[in-house]
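**Student:** File name my_file.cif; file contents mmCIF, C-alpha atoms; full text below.
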data_run
loop_
_atom_site.label_atom_id
_atom_site.label_comp_id
_atom_site.auth_asym_id
_atom_site.auth_seq_id
_atom_site.Cartn_x
_atom_site.Cartn_y
_atom_site.Cartn_z
CA MET A 17 -51.27 13.45 -78.44
CA SER A 18 -47.69 14.42 -79.07
CA ASP A 19 -47.50 16.06 -75.67
CA LEU A 20 -48.70 12.86 -74.01
CA ALA A 21 -46.04 10.89 -75.84
CA LYS A 22 -43.30 13.11 -74.59
CA THR A 23 -44.39 13.05 -70.94
CA PRO A 24 -42.97 9.63 -70.04
CA GLU A 25 -39.61 10.53 -71.56
CA THR A 26 -39.21 13.80 -69.70
CA SER A 27 -40.49 12.48 -66.43
CA ALA A 28 -38.42 9.33 -66.49
CA GLU A 29 -35.54 9.77 -64.01
CA THR A 30 -32.96 7.45 -62.62
CA PRO A 31 -34.21 6.00 -59.36
CA GLY A 32 -32.84 7.87 -56.40
CA THR A 33 -32.18 11.09 -58.37
CA PRO A 34 -33.91 14.11 -56.82
CA ALA A 35 -36.27 16.08 -59.02
CA GLU A 36 -35.23 19.54 -60.02
CA THR A 37 -37.10 22.46 -58.58
CA PRO A 38 -37.73 25.67 -60.45
CA GLY A 39 -34.74 28.02 -60.29
CA THR A 40 -32.33 25.23 -59.25
CA SER A 41 -29.79 23.90 -61.68
CA ARG A 42 -28.55 20.34 -61.78
CA VAL A 43 -25.00 21.62 -61.18
CA SER A 44 -25.89 23.05 -57.78
CA ILE A 45 -27.61 19.83 -56.79
CA GLU A 46 -24.59 17.76 -57.66
CA LYS A 47 -22.37 20.04 -55.57
CA THR A 48 -24.53 19.58 -52.51
CA THR A 49 -24.40 15.82 -52.77
CA GLU A 50 -20.58 15.69 -52.87
CA PRO A 51 -18.98 14.41 -49.62
CA SER A 52 -17.66 17.19 -47.38
CA ALA A 53 -13.89 17.58 -46.93
CA ALA A 54 -12.29 15.83 -43.93
CA PRO A 55 -11.91 18.10 -40.86
CA VAL A 56 -8.46 19.51 -40.25
CA PRO A 57 -7.04 17.93 -37.10
CA ALA A 58 -6.20 20.28 -34.26
CA VAL A 59 -2.50 20.74 -33.61
CA ASP A 60 -1.21 20.67 -30.03
CA PRO A 61 0.57 23.98 -29.29
CA ARG A 62 3.42 22.06 -27.66
CA LEU A 63 4.21 20.46 -31.01
CA LEU A 64 4.54 23.88 -32.61
CA VAL A 65 6.77 25.04 -29.78
CA ARG A 66 9.14 22.11 -30.24
CA GLU A 67 9.22 22.55 -34.00
CA GLU A 68 10.37 26.15 -33.57
CA GLY A 69 13.38 25.01 -31.57
CA LEU A 70 15.05 27.29 -29.02
CA LYS A 71 12.92 30.27 -30.03
CA GLY A 72 9.77 28.29 -29.45
CA TYR A 73 10.85 27.16 -25.98
CA TRP A 74 11.77 30.70 -25.02
CA SER A 75 8.37 31.96 -26.19
CA GLU A 76 6.65 29.22 -24.19
CA PHE A 77 8.74 30.05 -21.12
CA THR A 78 7.90 33.76 -21.26
CA ARG A 79 4.23 32.96 -21.83
CA LYS A 80 4.15 30.77 -18.72
CA VAL A 81 5.90 33.39 -16.61
CA ARG A 82 3.44 36.07 -17.72
CA GLY A 83 0.61 33.66 -16.93
CA GLY A 84 1.88 33.05 -13.40
CA GLU A 85 3.24 29.52 -13.99
CA LEU A 86 6.58 30.07 -12.26
CA GLY A 87 7.24 26.49 -11.18
CA SER A 88 10.60 26.11 -9.42
CA LEU A 89 12.11 29.20 -11.04
CA PRO A 90 12.06 31.36 -7.86
CA VAL A 91 13.80 28.57 -5.91
CA PHE A 92 16.63 28.16 -8.41
CA VAL A 93 17.11 31.92 -8.61
CA GLY A 94 17.16 32.08 -4.82
CA LEU A 95 19.77 29.32 -4.56
CA ILE A 96 22.02 31.10 -7.04
CA VAL A 97 21.73 34.36 -5.09
CA ILE A 98 22.41 32.57 -1.79
CA ALA A 99 25.48 30.84 -3.20
CA ILE A 100 26.92 34.06 -4.62
CA VAL A 101 26.28 36.17 -1.51
CA PHE A 102 27.68 33.73 1.04
CA GLN A 103 30.60 32.69 -1.16
CA LEU A 104 31.63 36.34 -1.35
CA GLN A 105 31.36 36.58 2.43
CA ASN A 106 33.18 33.32 3.12
CA SER A 107 35.20 31.47 0.49
CA ASN A 108 34.53 28.13 2.24
CA PHE A 109 30.77 28.26 1.73
CA LEU A 110 30.90 26.03 -1.36
CA SER A 111 33.63 23.78 0.06
CA ALA A 112 33.24 20.02 0.38
CA SER A 113 32.65 20.06 4.15
CA SER A 114 30.03 22.80 3.85
CA VAL A 115 28.13 20.98 1.10
CA ALA A 116 28.27 17.75 3.13
CA ASN A 117 26.85 19.53 6.19
CA VAL A 118 23.99 20.95 4.17
CA ALA A 119 23.24 17.48 2.74
CA VAL A 120 23.27 15.75 6.13
CA TYR A 121 21.27 18.37 8.01
CA SER A 122 18.73 18.57 5.19
CA SER A 123 17.99 14.84 5.16
CA GLY A 124 15.97 14.28 8.32
CA LEU A 125 13.90 17.45 8.08
CA GLY A 126 13.59 16.94 4.32
CA ILE A 127 12.08 13.49 4.80
CA MET A 128 9.54 15.01 7.18
CA ALA A 129 8.85 17.73 4.61
CA VAL A 130 7.94 15.08 2.02
CA GLY A 131 5.03 14.02 4.22
CA ILE A 132 3.99 17.65 4.64
CA VAL A 133 3.98 18.05 0.85
CA PHE A 134 1.30 15.37 0.56
CA VAL A 135 -0.75 17.04 3.30
CA LEU A 136 -0.46 20.43 1.61
CA LEU A 137 -1.57 18.88 -1.69
CA LEU A 138 -4.84 18.12 0.11
CA GLY A 139 -5.08 21.79 1.06
CA GLU A 140 -4.62 20.93 4.75
CA ILE A 141 -1.90 21.34 7.38
CA ASP A 142 -0.21 19.01 9.88
CA LEU A 143 1.04 20.77 13.01
CA SER A 144 1.91 17.54 14.82
CA VAL A 145 4.80 16.36 12.65
CA GLY A 146 7.46 17.60 15.10
CA SER A 147 5.84 15.88 18.08
CA VAL A 148 5.36 12.69 16.06
CA ALA A 149 9.08 12.79 15.24
CA GLY A 150 9.84 13.07 18.95
CA VAL A 151 7.58 10.11 19.78
CA GLY A 152 9.24 8.02 17.07
CA ALA A 153 12.69 8.75 18.48
CA ALA A 154 11.49 8.01 22.02
CA VAL A 155 9.89 4.69 21.02
CA TRP A 156 13.10 3.58 19.33
CA ALA A 157 15.31 4.63 22.26
CA VAL A 158 13.14 3.00 24.92
CA LEU A 159 12.84 -0.29 23.04
CA ASN A 160 16.43 -0.48 21.80
CA VAL A 161 18.33 0.85 24.82
CA ASN A 162 16.12 0.34 27.84
CA HIS A 163 14.51 -2.95 26.80
CA GLY A 164 17.33 -4.42 24.72
CA TRP A 165 15.45 -4.85 21.46
CA ASN A 166 17.35 -5.46 18.27
CA ASP A 167 17.96 -2.38 16.07
CA TRP A 168 15.71 -3.29 13.18
CA PRO A 169 12.54 -4.23 15.16
CA ALA A 170 12.94 -1.10 17.30
CA VAL A 171 13.24 1.12 14.23
CA LEU A 172 10.27 -0.60 12.56
CA VAL A 173 8.03 -0.15 15.62
CA ALA A 174 9.09 3.49 15.88
CA VAL A 175 8.11 4.18 12.27
CA LEU A 176 4.84 2.25 12.65
CA SER A 177 4.00 4.26 15.77
CA GLY A 178 4.26 7.44 13.76
CA THR A 179 2.06 5.90 11.07
CA ALA A 180 -0.59 5.04 13.66
CA LEU A 181 -0.58 8.54 15.14
CA GLY A 182 -0.93 10.07 11.68
CA ALA A 183 -3.79 7.73 10.80
CA LEU A 184 -5.51 8.75 14.05
CA HIS A 185 -5.30 12.40 13.00
CA GLY A 186 -6.73 11.50 9.61
CA PHE A 187 -9.59 9.56 11.19
CA PHE A 188 -10.73 12.47 13.33
CA PHE A 189 -10.41 14.81 10.36
CA ALA A 190 -12.06 12.64 7.71
CA LYS A 191 -14.65 10.68 9.69
CA ILE A 192 -15.52 12.93 12.63
CA GLY A 193 -15.17 16.21 10.78
CA VAL A 194 -12.77 17.96 13.14
CA PRO A 195 -10.65 20.50 11.22
CA ALA A 196 -7.16 19.26 10.48
CA PHE A 197 -5.69 22.37 12.11
CA VAL A 198 -7.39 21.56 15.43
CA VAL A 199 -6.70 17.81 15.29
CA THR A 200 -2.99 18.19 14.57
CA LEU A 201 -2.64 21.04 17.08
CA ALA A 202 -4.08 18.72 19.73
CA GLY A 203 -1.61 16.08 18.52
CA PHE A 204 1.23 18.58 18.78
CA LEU A 205 0.44 19.11 22.46
CA GLY A 206 -0.58 15.56 23.34
CA TRP A 207 2.29 13.73 21.66
CA SER A 208 4.80 16.15 23.19
CA GLY A 209 3.51 15.07 26.58
CA LEU A 210 3.65 11.40 25.56
CA GLN A 211 7.26 11.86 24.42
CA GLU A 212 8.25 13.41 27.75
CA TRP A 213 6.43 10.69 29.69
CA MET A 214 8.18 7.93 27.73
CA MET A 215 11.60 9.47 28.33
CA GLY A 216 10.94 9.49 32.06
CA GLY A 217 13.17 11.26 34.52
CA GLU A 218 16.32 10.65 32.48
CA GLY A 219 15.37 13.18 29.84
CA SER A 220 17.73 11.69 27.27
CA ILE A 221 18.89 8.30 26.04
CA ASN A 222 22.21 8.19 24.21
CA THR A 223 22.52 6.46 20.86
CA PRO A 224 24.47 3.17 21.13
CA SER A 225 27.73 3.14 19.21
CA GLY A 226 27.46 1.42 15.85
CA SER A 227 23.66 1.28 15.89
CA ILE A 228 21.48 1.87 12.86
CA VAL A 229 20.27 5.22 14.15
CA GLU A 230 23.81 6.46 14.80
CA ASN A 231 24.85 5.52 11.26
CA LEU A 232 21.93 7.41 9.70
CA THR A 233 23.87 10.69 9.80
CA ASN A 234 27.37 9.55 10.71
CA TYR A 235 28.11 6.99 8.03
CA PHE A 236 29.82 8.09 4.80
CA PHE A 237 30.73 6.08 1.72
CA GLU A 238 34.40 7.03 1.51
CA ASP A 239 35.03 5.18 -1.76
CA LYS A 240 34.82 7.67 -4.62
CA ALA A 241 33.08 5.05 -6.75
CA ALA A 242 30.04 5.35 -4.49
CA GLY A 243 29.48 9.04 -5.18
CA TYR A 244 30.15 8.86 -8.90
CA GLY A 245 28.21 5.60 -9.16
CA LEU A 246 25.14 7.14 -7.55
CA ALA A 247 25.43 10.13 -9.88
CA LEU A 248 25.62 7.81 -12.89
CA VAL A 249 22.62 5.78 -11.73
CA ALA A 250 20.62 8.98 -11.18
CA VAL A 251 21.44 10.30 -14.66
CA LEU A 252 20.66 6.99 -16.38
CA ALA A 253 17.41 6.62 -14.47
CA TYR A 254 16.37 10.15 -15.38
CA ALA A 255 17.17 9.63 -19.05
CA ALA A 256 15.34 6.29 -19.07
CA SER A 257 12.25 7.86 -17.50
CA LEU A 258 12.21 10.57 -20.18
CA LEU A 259 12.61 8.04 -22.98
CA VAL A 260 9.91 5.74 -21.62
CA ASP A 261 7.53 8.65 -21.15
CA SER A 262 8.23 9.90 -24.68
CA ARG A 263 7.61 6.44 -26.13
CA ARG A 264 4.35 6.05 -24.22
CA ARG A 265 3.10 9.40 -25.45
CA ARG A 266 4.00 8.65 -29.07
CA THR A 267 2.23 5.30 -28.85
CA ALA A 268 -0.87 7.06 -27.53
CA GLY A 269 -0.68 9.67 -30.29
CA LEU A 270 0.20 12.48 -27.90
CA PRO A 271 2.93 15.12 -28.29
CA ALA A 272 6.27 13.90 -26.94
CA ARG A 273 9.65 15.44 -26.25
CA PRO A 274 12.11 15.19 -29.16
CA THR A 275 15.40 13.38 -28.69
CA SER A 276 17.34 16.67 -28.68
CA GLU A 277 15.34 17.97 -25.71
CA ILE A 278 15.80 14.71 -23.81
CA ALA A 279 19.55 14.89 -24.43
CA LEU A 280 19.68 18.52 -23.23
CA ARG A 281 17.73 17.79 -20.05
CA THR A 282 19.85 14.74 -19.31
CA GLY A 283 23.02 16.76 -19.84
CA VAL A 284 21.96 19.43 -17.35
CA VAL A 285 21.07 16.79 -14.72
CA ALA A 286 24.39 15.02 -15.37
CA ILE A 287 26.34 18.22 -14.78
CA LEU A 288 24.57 18.86 -11.47
CA CYS A 289 24.89 15.27 -10.22
CA PHE A 290 28.54 14.83 -11.09
CA ALA A 291 29.40 18.29 -9.74
CA VAL A 292 27.94 17.35 -6.35
CA ALA A 293 29.71 13.97 -6.46
CA TYR A 294 33.01 15.71 -7.25
CA VAL A 295 32.63 18.14 -4.34
CA LEU A 296 31.72 15.39 -1.88
CA ASN A 297 34.71 13.32 -3.03
CA GLU A 298 37.23 16.10 -2.53
CA PRO A 299 40.08 14.81 -0.35
CA SER A 300 40.02 17.83 1.94
CA GLY A 301 37.11 18.51 4.26
CA ALA A 302 34.62 15.86 3.11
CA ARG A 303 34.27 12.23 4.11
CA GLY A 304 32.54 11.02 0.97
CA LEU A 305 28.92 10.35 0.12
CA PRO A 306 26.64 10.65 3.20
CA LEU A 307 24.27 7.77 3.86
CA ALA A 308 21.70 10.33 4.99
CA LEU A 309 21.66 11.91 1.53
CA VAL A 310 21.22 8.50 -0.14
CA LEU A 311 18.22 7.68 2.07
CA PHE A 312 16.70 11.12 1.52
CA LEU A 313 16.97 10.76 -2.26
CA ALA A 314 15.48 7.25 -2.07
CA VAL A 315 12.46 8.61 -0.18
CA LEU A 316 12.09 11.39 -2.74
CA VAL A 317 12.20 9.01 -5.71
CA VAL A 318 9.62 6.64 -4.22
CA ALA A 319 7.33 9.48 -3.11
CA ASP A 320 7.59 11.18 -6.51
CA PHE A 321 6.68 7.92 -8.26
CA VAL A 322 3.67 7.51 -5.95
CA ALA A 323 2.53 11.08 -6.52
CA ARG A 324 2.89 11.15 -10.31
CA ARG A 325 2.58 7.56 -11.52
CA THR A 326 -0.04 5.90 -9.34
CA ALA A 327 -3.80 6.18 -9.00
CA PHE A 328 -3.37 7.14 -5.35
CA GLY A 329 -1.20 10.13 -6.30
CA ARG A 330 -3.67 11.36 -8.90
CA GLN A 331 -6.48 11.01 -6.37
CA VAL A 332 -4.53 13.11 -3.85
CA PHE A 333 -4.28 15.93 -6.40
CA ALA A 334 -7.97 15.54 -7.25
CA VAL A 335 -9.08 15.73 -3.62
CA GLY A 336 -6.84 18.72 -3.02
CA GLY A 337 -8.16 20.51 -6.08
CA ASN A 338 -11.88 19.92 -5.44
CA PRO A 339 -13.02 17.40 -2.78
CA GLU A 340 -16.66 17.45 -3.89
CA ALA A 341 -15.80 16.84 -7.54
CA ALA A 342 -13.45 14.02 -6.48
CA ARG A 343 -16.23 12.45 -4.42
CA ARG A 344 -18.65 12.60 -7.36
CA ALA A 345 -15.99 10.99 -9.54
CA GLY A 346 -16.02 7.95 -7.28
CA ILE A 347 -12.92 8.70 -5.19
CA SER A 348 -13.05 7.73 -1.53
CA VAL A 349 -12.12 11.13 -0.11
CA ASP A 350 -12.04 9.87 3.49
CA ARG A 351 -9.66 7.04 2.60
CA ILE A 352 -7.31 9.40 0.77
CA ARG A 353 -7.24 11.84 3.69
CA ILE A 354 -6.57 9.17 6.31
CA THR A 355 -3.84 7.62 4.16
CA VAL A 356 -2.12 10.96 3.56
CA PHE A 357 -2.02 11.82 7.26
CA ALA A 358 -0.75 8.31 8.02
CA LEU A 359 1.99 8.86 5.44
CA SER A 360 2.89 12.17 7.06
CA GLY A 361 3.13 10.48 10.46
CA MET A 362 5.29 7.67 9.09
CA LEU A 363 7.79 10.03 7.46
CA GLY A 364 7.69 12.25 10.54
CA ALA A 365 8.75 9.38 12.79
CA PHE A 366 11.43 8.31 10.31
CA GLY A 367 12.78 11.86 10.20
CA GLY A 368 12.80 11.90 14.00
CA LEU A 369 15.36 9.10 13.96
CA PHE A 370 17.65 11.31 11.85
CA ILE A 371 17.29 14.14 14.35
CA ALA A 372 18.12 11.75 17.19
CA SER A 373 21.16 10.59 15.25
CA LEU A 374 22.39 14.17 14.80
CA SER A 375 21.86 15.05 18.46
CA GLY A 376 23.54 11.87 19.73
CA GLY A 377 20.41 10.31 21.16
CA ALA A 378 16.71 10.67 21.92
CA THR A 379 15.88 13.63 24.13
CA LYS A 380 12.80 15.49 25.26
CA SER A 381 13.66 18.23 22.77
CA VAL A 382 13.71 16.04 19.64
CA GLY A 383 11.13 17.46 17.25
CA GLY A 384 10.73 20.61 19.33
CA GLY A 385 11.99 24.11 18.83
CA ASN A 386 11.68 25.31 15.24
CA THR A 387 11.46 21.82 13.70
CA LEU A 388 7.81 22.15 12.71
CA MET A 389 8.28 25.58 11.19
CA LEU A 390 11.34 24.51 9.19
CA VAL A 391 9.57 21.46 7.78
CA ILE A 392 6.49 23.39 6.68
CA ALA A 393 8.64 26.24 5.38
CA ALA A 394 10.72 23.83 3.29
CA ALA A 395 7.63 22.45 1.54
CA VAL A 396 6.22 25.91 0.85
CA ILE A 397 9.50 27.54 -0.16
CA GLY A 398 10.14 24.64 -2.54
CA GLY A 399 6.99 25.46 -4.48
CA THR A 400 4.11 23.47 -2.93
CA SER A 401 0.99 25.60 -2.70
CA LEU A 402 -0.70 26.21 0.64
CA PHE A 403 -4.05 26.23 -1.18
CA GLY A 404 -3.93 22.57 -2.24
CA GLY A 405 -3.83 20.67 -5.51
CA ARG A 406 -0.49 22.02 -6.76
CA GLY A 407 3.08 21.06 -5.94
CA LYS A 408 5.82 18.49 -6.38
CA VAL A 409 7.52 16.09 -4.02
CA TRP A 410 10.92 17.46 -5.05
CA SER A 411 9.94 20.79 -3.53
CA ALA A 412 10.87 19.25 -0.17
CA LEU A 413 14.46 18.90 -1.39
CA LEU A 414 14.66 22.35 -2.95
CA GLY A 415 13.08 24.12 0.01
CA MET A 416 15.23 22.34 2.58
CA ILE A 417 18.41 23.12 0.62
CA VAL A 418 17.41 26.80 0.62
CA ILE A 419 16.81 26.82 4.38
CA GLN A 420 19.92 24.85 5.31
CA SER A 421 22.07 26.90 2.93
CA ILE A 422 20.91 30.09 4.61
CA GLN A 423 21.59 28.68 8.07
CA GLN A 424 24.97 27.29 7.02
CA GLY A 425 26.00 30.61 5.48
CA LEU A 426 24.86 32.66 8.46
CA ASN A 427 26.69 30.33 10.85
CA MET A 428 29.88 30.64 8.82
CA ILE A 429 29.82 34.44 9.02
CA GLY A 430 28.94 34.36 12.71
CA MET A 431 25.38 35.67 12.53
CA ALA A 432 23.20 35.34 15.63
CA ASN A 433 20.31 32.87 15.79
CA ALA A 434 17.82 35.72 16.05
CA ILE A 435 18.93 37.03 12.67
CA GLN A 436 18.67 33.52 11.21
CA TYR A 437 15.06 33.19 12.37
CA MET A 438 14.14 36.58 10.92
CA ILE A 439 15.73 35.81 7.55
CA THR A 440 14.12 32.36 7.36
CA GLY A 441 10.76 33.91 8.21
CA ALA A 442 11.21 36.53 5.51
CA VAL A 443 12.04 33.83 2.94
CA LEU A 444 8.93 31.87 3.95
CA LEU A 445 6.76 34.97 3.63
CA ALA A 446 8.26 35.69 0.21
CA ALA A 447 7.46 32.15 -0.93
CA VAL A 448 3.82 32.45 0.17
CA VAL A 449 3.50 35.88 -1.48
CA ILE A 450 4.90 34.47 -4.73
CA ASP A 451 2.43 31.57 -4.56
CA SER A 452 -0.52 33.90 -3.93
CA VAL A 453 0.45 36.31 -6.70
CA SER A 454 1.05 33.36 -9.05
CA ARG A 455 -2.43 31.96 -8.42
CA ARG A 456 -4.01 35.37 -8.92
CA THR A 457 -2.11 35.87 -12.18
CA GLN A 458 -3.16 32.44 -13.42
CA LYS A 459 -6.82 33.27 -12.69
CA THR A 460 -6.48 36.52 -14.60
CA ALA A 461 -4.90 34.66 -17.51
CA GLY A 462 -7.60 31.96 -17.41
CA ARG A 463 -5.15 29.21 -16.36
CA ALA A 464 -6.25 28.57 -12.79
#
Any chance you could put this one into structure tokens?

**Tutor:**
Amino acid sequence: MSDLAKTPETSAETPGTPAETPGTSRVSIEKTTEPSAAPVPAVDPRLLVREEGLKGYWSEFTRKVRGGELGSLPVFVGLIVIAIVFQLQNSNFLSASSVANVAVYSSGLGIMAVGIVFVLLLGEIDLSVGSVAGVGAAVWAVLNVNHGWNDWPAVLVAVLSGTALGALHGFFFAKIGVPAFVVTLAGFLGWSGLQEWMMGGEGSINTPSGSIVENLTNYFFEDKAAGYGLALVAVLAYAASLLVDSRRRRTAGLPARPTSEIALRTGVVAILCFAVAYVLNEPSGARGLPLALVLFLAVLVVADFVARRTAFGRQVFAVGGNPEAARRAGISVDRIRITVFALSGMLGAFGGLFIASLSGGATKSVGGGNTLMLVIAAAVIGGTSLFGGRGKVWSALLGMIVIQSIQQGLNMIGMANAIQYMITGAVLLAAVVIDSVSRRTQKTAGRA
């Protein structure tokens, strides 16, 4: 009877409390019901690098180099070597007139190279850009000189003609399935014939004095305020872009550059910009800031914004990296390809007007010779990969400066054209070798 009286007391438990099992203490049960500790958030390695200061950045730099992520390092090293070698051979290599020549001669071909950068990002090639440049120059000359059109409409139609030819290449490539190499090679031959047919028996049409095309490479802002003002605008714009990007990343909870790094980067850019402005404004040898350089930089800024800050630019990288994956992600691969080739044709025709300005008029040889090779070489030497999906718009500027600096230096020491071609070819081969080795190293390091 006493046992029955005790049973309700011992079996009475608080509702919701689990019954104890043999060999299990109440202490262990209570421990298992305690809430687990909050997970430790993962820390972005870039945050650790920035917290370590200069040592951290140096460690990150060496890690990237060992992993094959060279970026623009080979180009900057090459430019330093070129400057030292030719300056020792000729003390006028870094003079104001020499720098101005490099800037002017780089502009037209550099603008064409910007279009090639976009094509290379797709993993394709455009062999027709030189012929398209010749057609653009011929269209402008025939309309402006032979038919008396106003400057601006003639220039606009010339640029639009290049856009149409590029879009035609893209259509055959994207919609019909003809390889881009074959399509643009056919364009190279066909548009060369069209250019010669448009020029007729004259063979050349001189640029009218004071026309827009003549001023493209012959107009200089002689006021020193122009050069220094452009340098100041460039520095402020660069600093503002870094600050805005840092603020956006902090708002999104992502790692951002500290203020000290932004100040350091801005300082380096300021030194470069104002050094160039100072050289161009030297009273001896230079005429001031070239209009050609201003237009080239404007094209670079707009193209860089399109490539890095717009949906179209991200889609170009996606298609170049993996077309099938881009298609499955909902990207219209055909539209991207046609648009990119149209962009290449547009910039090719625009660059052709610069070449016509330098040569004093539109001729049958505009866009011929080594124009195509120099444009493609500039994009590749500057760091754009031939395998698609990797590169920057600014590589057109860096690569063209390398090429024009080599040609300028060789001309100043009286080297033959044959030697110039061989050296330029060797530099191009070196750039492709570096790109191939870099990709292989990245695959080995698991970063491809």

**Student:** When the PyMOL selection byres ((chain A and resi 252) around 12) is applied to the file above, which residues end up in the set, as a list of chain:residue names?

**Tutor:** A:Gly245, A:Leu246, A:Ala247, A:Leu248, A:Val249, A:Ala250, A:Val251, A:Ala253, A:Tyr254, A:Ala255, A:Ala256, A:Ser257, A:Leu258, A:Leu259, A:Ile278, A:Ala279, A:Arg281, A:Thr282, A:Gly283, A:Val285, A:Ala286, A:Cys289

**Student:** Just how far from CA of Gly126 (chain A) is CA of Pro339 (chain A), in Å to one decimal?

**Tutor:**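 About the pair CA of Pro339 (chain A) and CA of Gly126 (chain A): they are 27.5 Å apart.
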
**Student:** I need the output of the PyMOL selection byres ((chain A and resi 318-324) around 12) for this file as a PyMOL selection string; which residues are they?

**Tutor:** chain A and resi 127-135+137+257+311-317+325-334+356+359-360+363+405-413

**Student:** I need the residues from that last selection saved to file as a PDB file, keeping the file's coordinate frame (with C-alpha atoms), if you can.

**Tutor:**
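Resulting contents of result_6.pdb:
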ATOM      1  CA  ILE A 127      12.080  13.490   4.800  1.00  0.00           C
ATOM      2  CA  MET A 128       9.540  15.010   7.180  1.00  0.00           C
ATOM      3  CA  ALA A 129       8.850  17.730   4.610  1.00  0.00           C
ATOM      4  CA  VAL A 130       7.940  15.080   2.020  1.00  0.00           C
ATOM      5  CA  GLY A 131       5.030  14.020   4.220  1.00  0.00           C
ATOM      6  CA  ILE A 132       3.990  17.650   4.640  1.00  0.00           C
ATOM      7  CA  VAL A 133       3.980  18.050   0.850  1.00  0.00           C
ATOM      8  CA  PHE A 134       1.300  15.370   0.560  1.00  0.00           C
ATOM      9  CA  VAL A 135      -0.750  17.040   3.300  1.00  0.00           C
ATOM     10  CA  LEU A 137      -1.570  18.880  -1.690  1.00  0.00           C
ATOM     11  CA  SER A 257      12.250   7.860 -17.500  1.00  0.00           C
ATOM     12  CA  LEU A 311      18.220   7.680   2.070  1.00  0.00           C
ATOM     13  CA  PHE A 312      16.700  11.120   1.520  1.00  0.00           C
ATOM     14  CA  LEU A 313      16.970  10.760  -2.260  1.00  0.00           C
ATOM     15  CA  ALA A 314      15.480   7.250  -2.070  1.00  0.00           C
ATOM     16  CA  VAL A 315      12.460   8.610  -0.180  1.00  0.00           C
ATOM     17  CA  LEU A 316      12.090  11.390  -2.740  1.00  0.00           C
ATOM     18  CA  VAL A 317      12.200   9.010  -5.710  1.00  0.00           C
ATOM     19  CA  ARG A 325       2.580   7.560 -11.520  1.00  0.00           C
ATOM     20  CA  THR A 326      -0.040   5.900  -9.340  1.00  0.00           C
ATOM     21  CA  ALA A 327      -3.800   6.180  -9.000  1.00  0.00           C
ATOM     22  CA  PHE A 328      -3.370   7.140  -5.350  1.00  0.00           C
ATOM     23  CA  GLY A 329      -1.200  10.130  -6.300  1.00  0.00           C
ATOM     24  CA  ARG A 330      -3.670  11.360  -8.900  1.00  0.00           C
ATOM     25  CA  GLN A 331      -6.480  11.010  -6.370  1.00  0.00           C
ATOM     26  CA  VAL A 332      -4.530  13.110  -3.850  1.00  0.00           C
ATOM     27  CA  PHE A 333      -4.280  15.930  -6.400  1.00  0.00           C
ATOM     28  CA  ALA A 334      -7.970  15.540  -7.250  1.00  0.00           C
ATOM     29  CA  VAL A 356      -2.120  10.960   3.560  1.00  0.00           C
ATOM     30  CA  LEU A 359       1.990   8.860   5.440  1.00  0.00           C
ATOM     31  CA  SER A 360       2.890  12.170   7.060  1.00  0.00           C
ATOM     32  CA  LEU A 363       7.790  10.030   7.460  1.00  0.00           C
ATOM     33  CA  GLY A 405      -3.830  20.670  -5.510  1.00  0.00           C
ATOM     34  CA  ARG A 406      -0.490  22.020  -6.760  1.00  0.00           C
ATOM     35  CA  GLY A 407       3.080  21.060  -5.940  1.00  0.00           C
ATOM     36  CA  LYS A 408       5.820  18.490  -6.380  1.00  0.00           C
ATOM     37  CA  VAL A 409       7.520  16.090  -4.020  1.00  0.00           C
ATOM     38  CA  TRP A 410      10.920  17.460  -5.050  1.00  0.00           C
ATOM     39  CA  SER A 411       9.940  20.790  -3.530  1.00  0.00           C
ATOM     40  CA  ALA A 412      10.870  19.250  -0.170  1.00  0.00           C
ATOM     41  CA  LEU A 413      14.460  18.900  -1.390  1.00  0.00           C
TER      42      LEU A 413
END

**Student:** Out of A:Ser88, A:Thr179, A:Asn162, A:Thr78, which residue has the shortest atom-to-atom distance to Ala365 (chain A) when counting all atoms listed in the file?

**Tutor:**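 Counting all atoms listed in the file, the residue closest to Ala365 (chain A) is A:Thr179.
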
**Student:** Would you please work out which residue, of A:Ser208, A:Lys240, A:Phe197, A:Gly94, is nearest to Val295 (chain A) when using only C-alpha atoms?

**Tutor:**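 Checking each candidate against Val295 (chain A), we get A:Lys240 as the closest.
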
**Student:** Per residue of region 253-369 of chain A within 7 Å of region 170-178 of chain A, record the nearest atom pair and its distance in Å to one decimal, counting all atoms listed in the file, with rows in chain order and ascending residue number, as JSON lines.

**Tutor:**
{"residue": "A:Gly361", "atom": "CA", "partner": "A:Gly178", "partner_atom": "CA", "distance": 4.6}
{"residue": "A:Met362", "atom": "CA", "partner": "A:Gly178", "partner_atom": "CA", "distance": 4.8}
{"residue": "A:Gly364", "atom": "CA", "partner": "A:Gly178", "partner_atom": "CA", "distance": 6.7}
{"residue": "A:Ala365", "atom": "CA", "partner": "A:Gly178", "partner_atom": "CA", "distance": 5.0}
{"residue": "A:Phe366", "atom": "CA", "partner": "A:Val175", "partner_atom": "CA", "distance": 5.6}

**Student:** Can you write out the residues you just picked, keeping C-alpha atoms, as a compact mmCIF listing (two decimals), keeping the file's coordinate frame?

**Tutor:**
# COMPACT_ATOMS: atom_id res chain seq x y z
CA GLY A 361 3.13 10.48 10.46
CA MET A 362 5.29 7.67 9.09
CA GLY A 364 7.69 12.25 10.54
CA ALA A 365 8.75 9.38 12.79
CA PHE A 366 11.43 8.31 10.31

**Student:** Pick out the closest residue to Ala394 (chain A) from this set: A:Val93, A:Ala342, A:Val118, A:Ala447. Count all atoms listed in the file.

**Tutor:**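 Using all atoms listed in the file, the shortest distance to Ala394 (chain A) belongs to A:Ala447.
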